[in-house]
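What follows is a short report on a single structure.
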Number of protein chains: 2
Amino acid sequence: MKVKIDSLKKQVIKVLSSRFNEQKSTIIADYLIWAEMSGNKTQGILKMSGTEPIQNVIPESDIKVERETKLSQLINAGQNPAPLVLSQATDVAIKKAKEHGFGIVGVHNTKSSNGAQAYYVEKIAKEGLIGICCSSAPGSVAPYGGIDPLFGTNPIGFAFPTLDEPLVFDMATSAMTWYGLVLAKTNNTKIPHGIAIDKEGNPTDDPELAMGGALLPFDKSFKGSGLSMMIEVLAGPLVSADYCDMSGGEWGSLVMAIDPELLVDQMQFRTNCSDLINKVKQSRKQKGHKEIRIPGEHSRDLYNECMKSGYVNVDEEVIKSIEGLSL
Amino acid sequence: MKVKIDSLKKQVIKVLSSRFNEQKSTIIADYLIWAEMSGNKTQGILKMSGTEPIQNVIPESDIKVERETKLSQLINAGQNPAPLVLSQATDVAIKKAKEHGFGIVGVHNTKSSNGAQAYYVEKIAKEGLIGICCSSAPGSVAPYGGIDPLFGTNPIGFAFPTLDEPLVFDMATSAMTWYGLVLAKTNNTKIPHGIAIDKEGNPTDDPELAMGGALLPFDKSFKGSGLSMMIEVLAGPLVSADYCDMSGGEWGSLVMAIDPELLVDQMQFRTNCSDLINKVKQSRKQKGHKEIRIPGEHSRDLYNECMKSGYVNVDEEVIKSIEGLSL
C-alpha cells in the first residue's frame, strides 16, 4: 500500500521510541525508510516485524569508544542495533576525513547486520569524500574448494562524489543473500542450481539444505572466495569482531572515508567521475540490454520516485504485523 | 633452465644499467626476479625481451611529486617503468603509514603496467601494515550489458600481516588477463567459451577477435563489472590517470598502507589473521580438492623453493632473446 513518507517516519520513530531515545530512534528510522524507498525491502520496515523486531532489541550496554586516534575509532556497539551504530561510525569517519584527510572506524558487537553498505558510503560521498564500507556476518559461504560455511555473505560498498549524485556500488560476496535463502524456504521454492551445497558438500537447490550447508562465493570460484576472505579480515580481526565462527555473537563492520583532495582537486575528481559514468552509460549495449545500468542507479531511481511523490509503497502485511504502527 | 638467482640478479642489473642508475636498476631487478621466482613468468624476465624491453624504456622526465600531504603523495611517473615508480610509491606509503597511521600514494603516467599488485602489498604487510593496491590499464573489458572495452583488466591486491608470512591476495577483475589473449593468439589456440566478445558483441573463442572486441568481467556479470568500475575510478580519476580511454597513455595506480594499530593491537591482529588462515586451511575439502588453497599460497611456495635452492627456472628462449644477458 502507498504510505505517506512523513507519516510513516513519524510512526516508525514512535514505535522505536519505546526502546530508544528520540535521537537514536530517528537515526534508525532514517535508515529503515531509506531502505524501503530504495526498494531494498528486506532491509526496510520488515526489520520491525518478525521474531526479532529492531524496536525490541535490548542493548547490553551503551555504545563505547574503545580506541581513538586522530584518524580512527574502534567502537564496541554493546549489542545496539547495527544501523544505529554504523550511522554514528559513518559520521565519525566523515568528521575525521574532513579534518585530517582520512577516517577509519571499526565497529564490533552490533546486534546483527548493518544492512546495506550503500547507505553509509553514500552518506560519505555526499560530503565530497570517498566511502568504503564492509561487514562480516555469521558463516554461510564456503571458501573455494571447501565445504564448511566459514565466511559471511560479507558485503562491500564503495561510493564516489560526482557532479551529480554519488556513484554507489554495493555487493554481497556470496552467490545469494542469506535472506534469499530464508525467503525461498518460506515460499517453499527452489534456489538456482550451482550456488549452494548441502552439509556434505553436494550441490543442492533446496534452500533448507543450503542453510545447513553453505552458499558459494558470487563467482563460484577462487576470486570471489578470496575477496570474501579479505572482507572476513577487514570486518573481523581488524575490528575485534568474530571471524569464521560467530558463536560469540560479535558481528563487525569497517567504515573508511578518504578525502580525494589528498591526491587531486575535488572538482576535477567529481568532473572526471561524472565523465566516466557518462562514458559507460553511453557506450554500446549488448543485444537484450536496453541500457547499461550504472551501479546504484536502480535503487536511486526508486528512491527519487518516492521523494518526488512523497509516498512509498509498503507491504500491507508487513505494516499490519508491526505492533503499535497505525497508518 | 635452472639459473643461480645471484648471478641472474647481477646480470639483470647490468643490462638495466645501460638505461638506469644502479639504484633504479636494482629496484627493477628485484621486482622482475621476485615475479620470476613466484612463478608469475609473464611479469618476470620476459619483460626484458620482446618489442618493448623494460631496459629500453626512455622516460620523458624524472619521477615528480605533484602533490604531498602528511598522508599522501601524487606522483607523475614521467613514463618511467611502472615497477620502478610503484616500488618507490610503496615505500612512501609505508613511511607515511608508520608515521601517521595511513599512507596513500597515487601514481600516473607510468610506462605500462606495474605488473603484480601482490609484490607491492606484500612489501607493505611485511612492515606490519595492511596493503591495498590497484591499477588501471587500457580498456579491454566491457561493462555488464555493454560491448565497448571501457575498463582495464584492473587488478586489485590486498595483504595483511600475520604471525608468519603475510596473507596476500591479488586478482584481475577481467575473466582473462590481456597477456592470456596475447599468448593464445601467438600459440594459435582458442580461449574458453563465454569470457570474451568480438567487436559487435558476439561471443567468441578467437583471441584475435577478442582483442578487437572485449573481455568480460571475471564473474561475467554485474558484480565483477561494478568492482572493475570502482578500480577504474580509484586508479583513474583519483590519481589523475586516464580512464575508459587510455589514448593519452596515462596508466594509473593507487597504493594504500593502513596501520592496524589504528584499531587493534598489532599482535592481536596478527594472531587472529593467522588463526583465520588456519581455520580456512583446516576446514573440510570438496571432493576433488586435496587442499584448500589460501590466496597467495601457491606463488609463495614457488618463491620459497627458489630461495631454498638458490636457483630459479627461467625459459631458455627468453634468456637467449635478451641482449646483453650472459648466464
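Residues are referred to by chain and number: the chain letter is A, B, ... according to the order shown in the C-alpha cells, the number counts from 1 in that chain, and ligands are numbered separately from 1 in the order shown.
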If we count only C-alpha atoms and set the cut-off at 8 Å, which residues sit around Arg293 of chain A, ignoring sequence neighbours fewer than 2 positions away in its own chain? Please answer as a VMD selection string.
(chain A and resid 281 291 295 297 to 298) or (chain B and resid 144 to 145)
Keeping N, CA and C atoms for every residue in the selection just given, could you write it to a file as a PDB file, in the first residue's frame?
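That gives us part.pdb:
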ATOM      1  N   LYS A 281      27.644   4.807 -19.502  1.00  0.00           N
ATOM      2  CA  LYS A 281      26.210   4.878 -19.778  1.00  0.00           C
ATOM      3  C   LYS A 281      25.938   4.975 -21.284  1.00  0.00           C
ATOM      4  N   GLU A 291      19.659  -0.767 -21.713  1.00  0.00           N
ATOM      5  CA  GLU A 291      20.551   0.270 -21.186  1.00  0.00           C
ATOM      6  C   GLU A 291      21.675  -0.396 -20.408  1.00  0.00           C
ATOM      7  N   PRO A 295      26.114   1.063 -11.398  1.00  0.00           N
ATOM      8  CA  PRO A 295      25.844   0.577 -10.040  1.00  0.00           C
ATOM      9  C   PRO A 295      25.040   1.603  -9.234  1.00  0.00           C
ATOM     10  N   GLU A 297      22.124   2.688  -9.690  1.00  0.00           N
ATOM     11  CA  GLU A 297      21.175   3.507 -10.456  1.00  0.00           C
ATOM     12  C   GLU A 297      19.716   3.118 -10.192  1.00  0.00           C
ATOM     13  N   HIS A 298      19.469   1.809 -10.151  1.00  0.00           N
ATOM     14  CA  HIS A 298      18.103   1.332  -9.987  1.00  0.00           C
ATOM     15  C   HIS A 298      17.526   1.765  -8.626  1.00  0.00           C
TER      16      HIS A 298
ATOM     17  N   TYR B 144      29.065  -4.758 -17.730  1.00  0.00           N
ATOM     18  CA  TYR B 144      27.930  -5.680 -17.836  1.00  0.00           C
ATOM     19  C   TYR B 144      26.829  -5.037 -18.678  1.00  0.00           C
ATOM     20  N   GLY B 145      26.401  -5.748 -19.701  1.00  0.00           N
ATOM     21  CA  GLY B 145      25.369  -5.227 -20.596  1.00  0.00           C
ATOM     22  C   GLY B 145      25.922  -4.449 -21.766  1.00  0.00           C
TER      23      GLY B 145
END
Selection: 9 Å around Ile294 of chain B, only C-alpha atoms, excl. self and same-chain fewer than 6 positions, as a ChimeraX atom specification
/A:226 /B:167-169,277,280-281
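Residues in contact with segment 308-316 of chain A at 6 Å, where only C-alpha atoms are counted and same-chain residues fewer than 6 positions away are skipped, are listed as Met1, Lys2, Val3, Lys4, Ile5 and Met37 of chain A.
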Could you write out the selected residues, including N, CA and C atoms, as a short mmCIF file (atom, residue, chain, number, x, y, z; two decimals), in the first residue's frame?
data_model
loop_
_atom_site.label_atom_id
_atom_site.label_comp_id
_atom_site.auth_asym_id
_atom_site.auth_seq_id
_atom_site.Cartn_x
_atom_site.Cartn_y
_atom_site.Cartn_z
N MET A 1 0.82 -1.19 0.00
CA MET A 1 0.00 0.00 0.00
C MET A 1 0.87 1.26 0.00
N LYS A 2 0.34 2.32 -0.64
CA LYS A 2 1.07 3.59 -0.70
C LYS A 2 0.93 4.30 0.64
N VAL A 3 2.03 4.69 1.20
CA VAL A 3 2.02 5.35 2.50
C VAL A 3 2.75 6.68 2.38
N LYS A 4 2.24 7.69 3.05
CA LYS A 4 2.90 8.98 3.03
C LYS A 4 4.21 8.86 3.83
N ILE A 5 5.30 9.28 3.22
CA ILE A 5 6.62 9.07 3.85
C ILE A 5 6.70 9.78 5.20
N MET A 37 12.44 3.01 0.67
CA MET A 37 12.30 3.86 -0.51
C MET A 37 13.21 3.41 -1.65
#
Suppose you want the space between atom CA of Ile58 of chain A and atom CA of Thr110 of chain A; what is it in Å?
11.4 Å
Every residue of segment 91-188 of chain B that DSSP places in strand (DSSP E or B), as a VMD selection string
chain B and resid 102 to 111 130 to 135 141 146 151 156 to 160 167 to 171 174
Please, which residues of chain A lie no more than 6 Å from chain B when the count uses only C-alpha atoms, and can they be set out as a PyMOL selection string?
chain A and resi 72+74+145-147+219+237+262-263+269+272+284-286+289+292
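Of note, atom CA of Gln117 of chain B and atom CA of Gln43 of chain B are spaced 10.9 Å apart.
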If DSSP is run on the backbone, what residues of segment 126-302 of chain A are alpha helix (DSSP H)? A reply as a PyMOL selection string would be ideal.
chain A and resi 178-186+207-212+222-234+266-281+297-302
Here atom CA of Ala77 of chain B and atom CA of Asp62 of chain B stand apart by 7.2 Å
Please determine, counting only C-alpha atoms, which residue among B:Met267, B:Ala118, B:Ala97, B:Ile28 has the shortest atom-to-atom distance to Asp164 of chain B.
B:Met267
